[in-house]
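Source file: data32.csv (CSV, C-alpha atoms)
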```csv
chain,number,residue,atom,x,y,z
A,1273,MET,CA,106.5,108.4,96.6
A,1274,LYS,CA,108.5,107.6,99.7
A,1275,VAL,CA,105.5,108.3,101.8
A,1276,SER,CA,103.2,106.0,99.8
A,1277,THR,CA,105.9,103.3,99.8
A,1278,ALA,CA,106.1,103.6,103.6
A,1279,LEU,CA,102.3,103.4,103.9
A,1280,CYS,CA,102.2,100.3,101.7
A,1281,SER,CA,104.9,98.7,103.8
A,1282,ALA,CA,103.1,99.5,107.0
A,1283,ALA,CA,99.8,98.1,105.7
A,1284,LEU,CA,101.5,95.0,104.5
A,1285,GLY,CA,103.2,94.5,107.8
A,1286,VAL,CA,99.9,94.9,109.7
A,1287,GLY,CA,98.2,92.5,107.3
A,1288,LEU,CA,101.0,89.9,107.8
A,1289,GLY,CA,100.9,90.4,111.5
A,1290,THR,CA,97.2,89.7,111.6
A,1291,LEU,CA,97.6,86.6,109.5
A,1292,LEU,CA,100.5,85.3,111.6
A,1293,LEU,CA,99.0,86.2,114.9
A,1294,PRO,CA,95.3,85.4,114.7
A,1295,GLY,CA,94.9,85.5,118.4
A,1296,ALA,CA,95.8,89.2,118.4
A,1297,ALA,CA,93.1,89.9,115.9
A,1298,LEU,CA,90.6,88.1,118.2
A,1299,ALA,CA,91.6,90.0,121.4
A,1300,ASP,CA,88.3,90.7,123.0
A,1301,THR,CA,86.4,91.2,126.2
A,1302,THR,CA,82.8,90.2,126.4
A,1303,VAL,CA,80.0,90.9,128.9
A,1304,SER,CA,77.0,88.6,129.0
A,1305,PRO,CA,74.2,89.6,128.9
A,1306,ALA,CA,74.8,93.0,127.4
A,1307,SER,CA,72.1,94.5,129.6
A,1308,THR,CA,70.7,93.5,133.0
A,1309,PRO,CA,68.1,94.9,135.3
A,1310,VAL,CA,69.7,96.4,138.4
A,1311,GLY,CA,70.6,93.7,140.8
A,1312,GLY,CA,71.2,91.1,138.1
A,1313,THR,CA,74.5,89.4,137.4
A,1314,VAL,CA,76.7,89.7,134.3
A,1315,VAL,CA,79.7,87.5,133.4
A,1316,LEU,CA,82.8,89.3,132.3
A,1317,THR,CA,85.2,87.3,130.0
A,1318,ALA,CA,88.6,88.2,128.7
A,1319,THR,CA,88.7,85.6,125.9
A,1320,THR,CA,92.3,85.9,125.0
A,1321,CYS,CA,93.9,85.8,128.5
A,1322,ASN,CA,95.9,82.7,129.2
A,1323,PRO,CA,95.1,81.4,132.7
A,1324,LYS,CA,98.7,80.3,133.1
A,1325,SER,CA,99.7,83.9,133.1
A,1326,GLY,CA,97.7,84.7,136.2
A,1327,ASP,CA,94.4,86.3,136.9
A,1328,ALA,CA,92.9,88.8,134.6
A,1329,LEU,CA,91.7,92.1,136.0
A,1330,PHE,CA,88.5,93.8,134.8
A,1331,ARG,CA,88.2,97.5,135.4
A,1332,VAL,CA,84.6,98.5,135.5
A,1333,THR,CA,83.8,102.2,135.1
A,1334,GLY,CA,80.6,104.1,134.7
A,1335,PRO,CA,78.1,106.3,136.5
A,1336,ASN,CA,79.6,106.9,140.0
A,1337,ARG,CA,81.7,103.7,139.8
A,1338,ASP,CA,85.3,102.7,139.2
A,1339,GLN,CA,86.2,99.3,140.5
A,1340,ASN,CA,88.4,96.3,139.7
A,1341,VAL,CA,87.2,92.8,139.5
A,1342,ARG,CA,89.6,89.9,139.5
A,1343,SER,CA,88.8,86.8,137.4
A,1344,THR,CA,87.7,83.7,139.3
A,1345,THR,CA,87.3,81.0,136.7
A,1346,ALA,CA,88.6,79.8,133.4
A,1347,ALA,CA,86.0,80.4,130.7
A,1348,ALA,CA,84.6,77.4,128.9
A,1349,GLY,CA,85.4,78.8,125.5
A,1350,GLY,CA,88.9,80.0,126.5
A,1351,GLY,CA,90.1,82.9,128.6
A,1352,LEU,CA,89.2,84.0,132.1
A,1353,SER,CA,85.9,85.1,133.6
A,1354,ALA,CA,84.4,86.8,136.6
A,1355,GLU,CA,80.8,87.4,137.7
A,1356,LEU,CA,79.7,90.9,138.6
A,1357,PHE,CA,76.7,91.4,140.8
A,1358,THR,CA,75.0,94.8,140.0
A,1359,ALA,CA,73.0,95.3,143.2
A,1360,GLY,CA,73.5,99.0,144.2
A,1361,PHE,CA,74.7,100.0,140.7
A,1362,THR,CA,73.4,103.3,139.4
A,1363,LEU,CA,71.4,102.8,136.2
A,1364,GLY,CA,73.3,103.5,133.0
A,1365,THR,CA,76.1,102.1,130.8
A,1366,TYR,CA,79.4,100.8,132.1
A,1367,THR,CA,82.7,100.0,130.3
A,1368,VAL,CA,84.7,97.0,131.2
A,1369,ALA,CA,88.4,97.0,130.2
A,1370,ALA,CA,90.4,93.8,130.8
A,1371,THR,CA,94.1,93.3,131.5
A,1372,CYS,CA,95.6,89.8,131.3
A,1373,GLY,CA,97.9,88.4,134.0
A,1374,ASP,CA,100.9,89.1,131.8
A,1375,GLY,CA,100.0,92.8,131.7
A,1376,SER,CA,98.6,92.8,128.1
A,1377,SER,CA,95.4,94.5,127.3
A,1378,ALA,CA,92.5,92.3,126.4
A,1379,GLY,CA,90.2,95.0,125.0
A,1380,SER,CA,87.0,96.4,126.4
A,1381,ALA,CA,83.2,96.0,126.2
A,1382,THR,CA,80.1,97.8,127.6
A,1383,PHE,CA,77.0,96.7,129.4
A,1384,THR,CA,73.9,98.5,130.5
A,1385,VAL,CA,72.2,98.4,133.9
A,1386,THR,CA,68.4,98.9,133.4
A,1387,PRO,CA,65.3,99.5,135.5
A,1388,ILE,CA,63.6,96.4,136.8
A,1389,GLY,CA,60.7,95.0,134.9
A,1390,ALA,CA,57.7,96.8,133.4
A,1391,ALA,CA,56.5,100.4,133.6
A,1392,PRO,CA,53.6,101.3,135.9
A,1393,ALA,CA,52.1,103.8,133.5
A,1394,GLY,CA,48.3,103.9,134.2
A,1395,SER,CA,45.8,104.3,137.0
A,1396,GLY,CA,43.4,101.8,135.4
A,1397,GLY,CA,40.0,103.3,135.6
A,1398,ASP,CA,39.8,105.1,138.9
A,1399,ASN,CA,37.0,106.9,137.1
A,1400,ARG,CA,35.1,103.6,137.2
A,1401,ASP,CA,35.0,103.9,141.0
A,1402,THR,CA,33.9,107.4,140.6
A,1403,GLY,CA,31.1,106.2,138.4
A,1404,ALA,CA,30.0,103.7,141.1
A,1405,LEU,CA,30.1,106.3,143.7
A,1406,ALA,CA,28.0,108.6,141.6
A,1407,ALA,CA,25.5,105.9,141.0
A,1408,GLY,CA,25.4,105.2,144.8
A,1409,GLY,CA,24.9,108.8,145.5
A,1410,THR,CA,22.0,109.0,143.0
A,1411,LEU,CA,20.3,106.0,144.6
A,1412,LEU,CA,20.7,107.5,148.0
A,1413,GLY,CA,19.2,110.7,146.9
A,1414,THR,CA,16.3,109.0,145.2
A,1415,ALA,CA,15.6,107.0,148.4
A,1416,LEU,CA,15.6,110.1,150.5
A,1417,ALA,CA,13.3,112.0,148.1
A,1418,GLY,CA,10.9,109.0,148.3
A,1419,ALA,CA,10.9,109.0,152.0
A,1420,VAL,CA,10.1,112.7,152.1
A,1421,ILE,CA,7.2,112.2,149.8
A,1422,LEU,CA,5.8,109.3,151.8
A,1423,ILE,CA,6.1,111.3,155.1
A,1424,ARG,CA,4.2,114.2,153.5
A,1425,ARG,CA,1.5,112.0,152.2
A,1426,ARG,CA,0.9,110.4,155.6
A,1427,ARG,CA,0.8,113.6,157.6
A,1428,PRO,CA,-2.8,114.8,156.6
A,1429,VAL,CA,-4.3,111.4,157.5
A,1430,SER,CA,-2.8,111.5,161.0
A,1431,THR,CA,-4.0,115.1,161.5
A,1432,VAL,CA,-7.6,114.2,160.7
A,1433,ALA,CA,-7.6,111.2,163.0
B,600,MET,CA,5.3,93.9,165.3
B,601,VAL,CA,5.4,91.0,162.9
B,602,ALA,CA,8.4,91.0,160.7
B,603,ALA,CA,7.5,92.5,157.4
B,604,TYR,CA,9.7,90.0,155.5
B,605,PRO,CA,9.2,86.6,157.3
B,606,THR,CA,11.1,84.6,154.8
B,607,GLY,CA,13.9,87.0,154.5
B,608,ARG,CA,13.5,87.1,150.7
B,609,GLY,CA,12.2,90.7,150.5
B,610,ARG,CA,15.3,92.4,151.6
B,611,PRO,CA,17.7,90.4,149.4
B,612,ALA,CA,15.4,90.9,146.4
B,613,ARG,CA,15.5,94.7,147.0
B,614,ARG,CA,19.3,94.5,147.3
B,615,GLU,CA,19.5,92.6,144.0
B,616,ARG,CA,17.4,95.2,142.3
B,617,ALA,CA,19.5,98.0,143.8
B,618,GLY,CA,22.6,96.2,142.7
B,619,LEU,CA,21.2,96.0,139.1
B,620,ILE,CA,20.4,99.6,139.1
B,621,THR,CA,23.9,100.4,140.5
B,622,VAL,CA,25.5,98.3,137.7
B,623,GLY,CA,23.3,100.0,135.2
B,624,LEU,CA,24.4,103.4,136.3
B,625,THR,CA,28.1,102.5,136.6
B,626,VAL,CA,30.2,104.2,133.9
B,627,ASP,CA,33.0,102.0,132.6
B,628,PRO,CA,36.1,103.9,131.6
B,629,GLU,CA,37.2,103.8,128.0
B,630,ARG,CA,39.7,101.1,127.4
B,631,PRO,CA,43.1,101.8,125.7
B,632,PRO,CA,43.6,100.5,122.2
B,633,ARG,CA,45.6,97.3,121.8
B,634,PRO,CA,47.9,96.8,118.8
B,635,PRO,CA,46.9,93.8,116.7
B,636,ALA,CA,49.2,90.9,117.2
B,637,ASP,CA,49.5,90.4,113.4
B,638,ALA,CA,50.3,94.1,112.7
B,639,PRO,CA,53.0,94.3,110.0
B,640,ARG,CA,56.5,95.2,111.2
B,641,ARG,CA,58.6,97.4,109.0
B,642,THR,CA,62.3,97.8,109.3
B,643,HIS,CA,63.5,101.2,108.3
B,644,PRO,CA,67.3,101.0,107.6
B,645,ALA,CA,68.8,103.9,109.5
B,646,PRO,CA,69.8,106.5,106.9
B,647,ASP,CA,73.3,107.7,106.9
B,648,LEU,CA,72.7,110.4,109.6
B,649,ALA,CA,75.4,111.7,111.9
B,650,PRO,CA,74.4,111.0,115.5
B,651,LEU,CA,73.4,113.9,117.5
B,652,PRO,CA,75.2,114.9,120.7
B,653,ARG,CA,73.5,114.4,124.1
B,654,ALA,CA,70.6,116.9,124.7
B,655,ALA,CA,67.5,116.3,126.8
B,656,PRO,CA,64.2,116.0,124.9
B,657,VAL,CA,61.7,118.7,125.8
B,658,ARG,CA,58.7,118.0,123.6
B,659,VAL,CA,57.3,115.0,121.6
B,660,LEU,CA,54.9,115.3,118.7
B,661,ILE,CA,53.0,112.3,117.2
B,662,PRO,CA,50.7,113.6,114.6
B,663,ALA,CA,49.0,110.3,113.8
B,664,ILE,CA,47.5,110.1,117.3
B,665,ASP,CA,47.4,113.8,118.0
B,666,VAL,CA,50.0,113.8,120.8
B,667,ARG,CA,51.8,117.1,121.6
B,668,ALA,CA,53.4,116.7,125.0
B,669,ASP,CA,56.1,118.3,127.1
B,670,VAL,CA,58.8,115.9,128.2
B,671,VAL,CA,60.4,115.8,131.7
B,672,PRO,CA,63.4,113.6,132.8
B,673,VAL,CA,62.6,110.5,134.9
B,674,GLY,CA,64.8,107.8,136.5
B,675,ALA,CA,63.9,104.9,138.7
B,676,ASP,CA,62.6,104.5,142.2
B,677,SER,CA,64.5,103.0,145.1
B,678,ALA,CA,63.3,99.5,144.0
B,679,GLY,CA,64.8,100.0,140.5
B,680,VAL,CA,61.4,100.4,138.8
B,681,LEU,CA,61.1,102.9,136.0
B,682,GLU,CA,59.6,106.2,137.1
B,683,VAL,CA,56.6,107.8,135.3
B,684,PRO,CA,55.6,111.4,135.5
B,685,PRO,CA,53.1,112.1,138.4
B,686,LEU,CA,49.5,111.0,137.8
B,687,ASP,CA,48.3,114.5,138.6
B,688,ARG,CA,50.2,115.7,135.5
B,689,PRO,CA,48.9,113.1,133.0
B,690,THR,CA,49.7,115.1,129.9
B,691,LEU,CA,53.5,114.9,130.4
B,692,ALA,CA,55.8,112.3,129.0
B,693,GLY,CA,59.0,111.2,130.8
B,694,TRP,CA,62.4,110.7,129.3
B,695,TYR,CA,64.5,107.9,130.9
B,696,ARG,CA,67.5,110.1,131.8
B,697,HIS,CA,70.0,107.2,132.5
B,698,GLY,CA,69.8,106.2,128.9
B,699,VAL,CA,70.7,108.0,125.7
B,700,SER,CA,69.0,111.1,124.5
B,701,PRO,CA,66.9,111.0,121.2
B,702,GLY,CA,69.3,111.2,118.3
B,703,GLU,CA,72.3,109.7,120.1
B,704,ILE,CA,73.4,106.1,119.1
B,705,GLY,CA,71.3,103.7,121.2
B,706,ASN,CA,67.7,103.5,122.2
B,707,ALA,CA,66.2,106.6,123.9
B,708,VAL,CA,63.1,105.8,126.1
B,709,LEU,CA,60.0,107.9,126.6
B,710,VAL,CA,57.3,106.8,129.0
B,711,GLY,CA,53.8,108.1,129.6
B,712,HIS,CA,50.6,107.2,131.4
B,713,VAL,CA,47.8,105.6,129.5
B,714,ASP,CA,45.2,107.0,131.8
B,715,ALA,CA,44.7,108.8,135.0
B,716,PRO,CA,41.8,109.4,137.4
B,717,THR,CA,40.7,112.3,135.3
B,718,GLY,CA,40.5,110.1,132.1
B,719,PRO,CA,42.8,109.2,129.1
B,720,ALA,CA,46.4,110.4,129.5
B,721,VAL,CA,49.2,111.4,127.1
B,722,PHE,CA,49.9,107.9,125.6
B,723,PHE,CA,46.4,106.6,125.7
B,724,ASP,CA,46.3,106.0,121.9
B,725,LEU,CA,49.8,104.6,121.6
B,726,GLY,CA,48.3,101.2,120.6
B,727,ARG,CA,46.8,102.8,117.5
B,728,LEU,CA,50.3,103.7,116.0
B,729,ARG,CA,51.3,101.7,113.0
B,730,ALA,CA,54.6,101.0,111.2
B,731,GLY,CA,55.6,103.9,109.0
B,732,GLN,CA,54.1,106.7,111.1
B,733,GLN,CA,56.4,109.4,112.4
B,734,ILE,CA,57.4,110.7,115.8
B,735,GLN,CA,59.2,114.0,116.2
B,736,VAL,CA,61.2,114.9,119.3
B,737,THR,CA,62.4,118.4,120.0
B,738,ARG,CA,65.6,118.6,122.1
B,739,ALA,CA,66.9,121.2,124.5
B,740,ASP,CA,69.5,122.2,121.8
B,741,ALA,CA,66.6,123.1,119.5
B,742,GLN,CA,67.3,120.2,117.1
B,743,VAL,CA,64.4,118.0,116.1
B,744,ALA,CA,65.0,114.2,115.7
B,745,THR,CA,62.4,112.5,113.6
B,746,PHE,CA,61.8,108.8,114.1
B,747,THR,CA,59.7,106.3,112.0
B,748,VAL,CA,57.7,103.5,113.7
B,749,ASN,CA,59.0,100.0,113.0
B,750,ASP,CA,56.6,98.1,115.3
B,751,VAL,CA,54.0,98.4,118.0
B,752,ARG,CA,53.6,95.5,120.4
B,753,ALA,CA,51.9,94.5,123.6
B,754,TYR,CA,54.0,92.6,126.2
B,755,GLY,CA,52.8,91.0,129.4
B,756,LYS,CA,54.5,92.8,132.2
B,757,GLU,CA,56.0,89.5,133.3
B,758,HIS,CA,57.8,89.4,130.0
B,759,PHE,CA,58.9,93.0,129.6
B,760,PRO,CA,61.7,93.0,126.9
B,761,SER,CA,64.3,94.9,128.8
B,762,THR,CA,67.1,94.3,126.3
B,763,LEU,CA,65.0,95.4,123.3
B,764,VAL,CA,64.0,98.6,125.2
B,765,TYR,CA,67.1,99.6,127.0
B,766,GLY,CA,69.8,97.4,125.4
B,767,PRO,CA,72.6,98.5,123.2
B,768,ALA,CA,71.9,99.4,119.5
B,769,ASP,CA,74.0,100.4,116.5
B,770,ALA,CA,71.6,103.2,115.4
B,771,ALA,CA,69.6,106.0,117.0
B,772,GLY,CA,66.3,104.4,118.1
B,773,LEU,CA,63.3,105.5,120.2
B,774,ARG,CA,61.1,103.4,122.5
B,775,LEU,CA,57.7,104.7,123.7
B,776,ILE,CA,56.2,102.9,126.7
B,777,THR,CA,52.8,102.9,128.3
B,778,CYS,CA,50.3,100.5,129.9
B,779,GLY,CA,47.7,98.4,128.2
B,780,GLY,CA,45.6,95.3,128.1
B,781,ARG,CA,43.3,94.3,131.0
B,782,PHE,CA,43.2,96.3,134.2
B,783,ASP,CA,43.7,94.0,137.2
B,784,ALA,CA,41.8,95.6,140.0
B,785,ALA,CA,43.4,93.3,142.5
B,786,THR,CA,46.9,94.6,141.8
B,787,GLY,CA,45.8,98.1,140.7
B,788,ASN,CA,47.8,97.7,137.5
B,789,TYR,CA,47.3,97.0,133.8
B,790,VAL,CA,48.7,93.6,132.8
B,791,ASP,CA,50.5,94.7,129.7
B,792,ASN,CA,52.9,97.3,128.5
B,793,ILE,CA,52.5,98.7,125.0
B,794,ILE,CA,55.8,99.4,123.4
B,795,VAL,CA,56.5,101.4,120.2
B,796,PHE,CA,59.8,100.7,118.4
B,797,ALA,CA,61.1,103.4,116.1
B,798,THR,CA,64.3,104.3,114.2
B,799,ARG,CA,65.6,107.8,113.5
B,800,THR,CA,65.1,108.7,109.9
B,801,ALA,CA,65.7,112.5,109.8
```

Kindly transcribe the structure held in the file into structure tokens.
Amino acid sequence: MKVSTALCSAALGVGLGTLLLPGAALADTTVSPASTPVGGTVVLTATTCNPKSGDALFRVTGPNRDQNVRSTTAAAGGGLSAELFTAGFTLGTYTVAATCGDGSSAGSATFTVTPIGAAPAGSGGDNRDTGALAAGGTLLGTALAGAVILIRRRRPVSTVA
Amino acid sequence: MVAAYPTGRGRPARRERAGLITVGLTVDPERPPRPPADAPRRTHPAPDLAPLPRAAPVRVLIPAIDVRADVVPVGADSAGVLEVPPLDRPTLAGWYRHGVSPGEIGNAVLVGHVDAPTGPAVFFDLGRLRAGQQIQVTRADAQVATFTVNDVRAYGKEHFPSTLVYGPADAAGLRLITCGGRFDAATGNYVDNIIVFATRTA
């Protein structure tokens, strides 16, 4: 009984806290776009950081990378943002964890660095060139055979003369 | 001593005839099938399947188009373009190893050639796949992930849908990629990519 009462109280407390502090429930970090071809730029935003508390710090971790990026601008929709240029990034998925200027956590998000553009997955009819070559070879062979026949037909005439 | 073809017409006429004969003898390669633009899409809500742990795929089976192929890992070249298995091994499919493996949450990507100098390659008939057909991927841990096709589309390479292919997803998905459309002899490339979108269903 005591356990269930304690659980109910805790649940009630969390619920009230959420109602009284809506900002806490919306604590979030976003990355836009969620995927970018390598070399593209993504915008990191800590939506709940107050610019007056100082810069936010975004920790970017992923394949062969662990770096901190400091916010540079106030986001239009609230919070703080930074641009991240992905040139030289290894392909894969990265996690961004944000910390506000006052030291509070602003959550985390992920983004993916993808290959550039389309897939070159076909040779496109190299066998067409082979066909043309074969045709050319056939024609050449036919011409040579014709020449041989003509030469043989002319030889007896010249001999008689 | 007199020129046999004073007007110069004889030789060109022969050339034209030779050209016609050459054209007549030229063998055009078979063109890969293209999915119809109005093909019905079908969404298969992902069943309540526990995601699989990471394990490299080793074999892909697509009964509807008679594909049984070994799978090798591929990455990207120094320019960031997706690698494809070598043209001298056209029966192989490649797994994009920087992404998730088939059965994990997210979109696993397999790529294969549509053709090679020797003729049709592993994914030549990808454009014939239709919504509802199945793809089975055997993994290195001996588990088999089964996917059901949702959609098959042709995209101009200038408009490759990177986010739909590699982007994040809430369920285990599979993307199969090959070339398609018209072959541009000037660039040495097909103008389209054929992409199959599938969701894990078993």

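In this model, the gap between atom CA of A:Gly1379 and atom CA of A:Gly1364 comes to 20.5 Å.
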
### Task
Please identify all polymer residues within 7 Å of A:Thr1371, counting all atoms listed in the file, omitting same-chain residues fewer than 6 positions from it, and present them as a PyMOL selection string.
chain A and resi 1328-1330+1377-1378

### Query
Using only C-alpha atoms, which of the listed residues (B:Pro652, B:Pro634, B:Gly726, B:Gly780) sits closest to chain A?
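Distance minimum relative to chain A lands on B:Gly780.
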
### Message
Distance limit 7 Å, atoms considered: all atoms listed in the file. Which chain B residues sit that close to chain A? Return them as JSON, numbers by chain.
### Response
{"B": [621, 624, 625, 626, 627, 628, 675, 679, 680, 681, 683, 697, 698, 711, 712, 713, 714, 715, 716, 717, 718, 756, 759, 762, 765, 766, 777, 778, 782, 787, 788, 789, 792]}

### Task
For A:Gln1339, work out the shell of residues within 12 Å, counting all atoms listed in the file and skipping chain neighbours fewer than 5 positions away, then give it as a list in words.
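The filter keeps Leu1329, Phe1330, Arg1331, Val1332, Thr1333, Gly1334, Leu1356, Phe1361, Tyr1366, Thr1367, Val1368, Ala1369 and Ala1370 of chain A.
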
### Task
Do a neighbour search on A:Gly1350 at 10 Å with only C-alpha atoms, toss out local chain neighbours closer than 2 positions, and write the hits as a list in words.
Thr1317, Ala1318, Thr1319, Thr1320, Cys1321, Asn1322, Pro1323, Ala1346, Ala1347, Ala1348, Leu1352 and Ser1353 of chain A

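What separates atom CA of B:Thr745 from atom CA of B:Gln733 is a distance of 6.9 Å.
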
### Task
Do a neighbour search on B:Pro689 at 7 Å with all atoms listed in the file, toss out local chain neighbours closer than 2 positions, and write the hits as an MDAnalysis selection string.
chainID B and resid 685:687 691 712 715 720:721

### Message
I'd like the interatomic distance between atom CA of B:Asp783 and atom CA of B:Arg640, to a tenth of an Å.
### Response
29.0 Å

### Query
Pick from B:Pro701, B:Pro650, B:Pro639, B:Pro632: nearest to B:Gly731, with all atoms listed in the file counted?
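When distances to B:Gly731 are compared using all atoms listed in the file, the smallest one comes from B:Pro639.
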
## Note on the structure
Judged by only C-alpha atoms, the minimum distance to A:Gly1373 among A:Ser1343, A:Thr1301, A:Asn1336, A:Thr1313 is found for A:Ser1343

### Query
Got a sec: who's within 9 Å of B:Pro635, counting all atoms listed in the file, leaving out chain neighbours fewer than 6 positions off, as a PyMOL selection string?
chain B and resi 726+751-753

### Query
Looking at B:Ala801, B:Ala636, B:Ile704, B:Val670, which one is nearest to B:Pro767, with distances taken over all atoms listed in the file?
B:Ile704
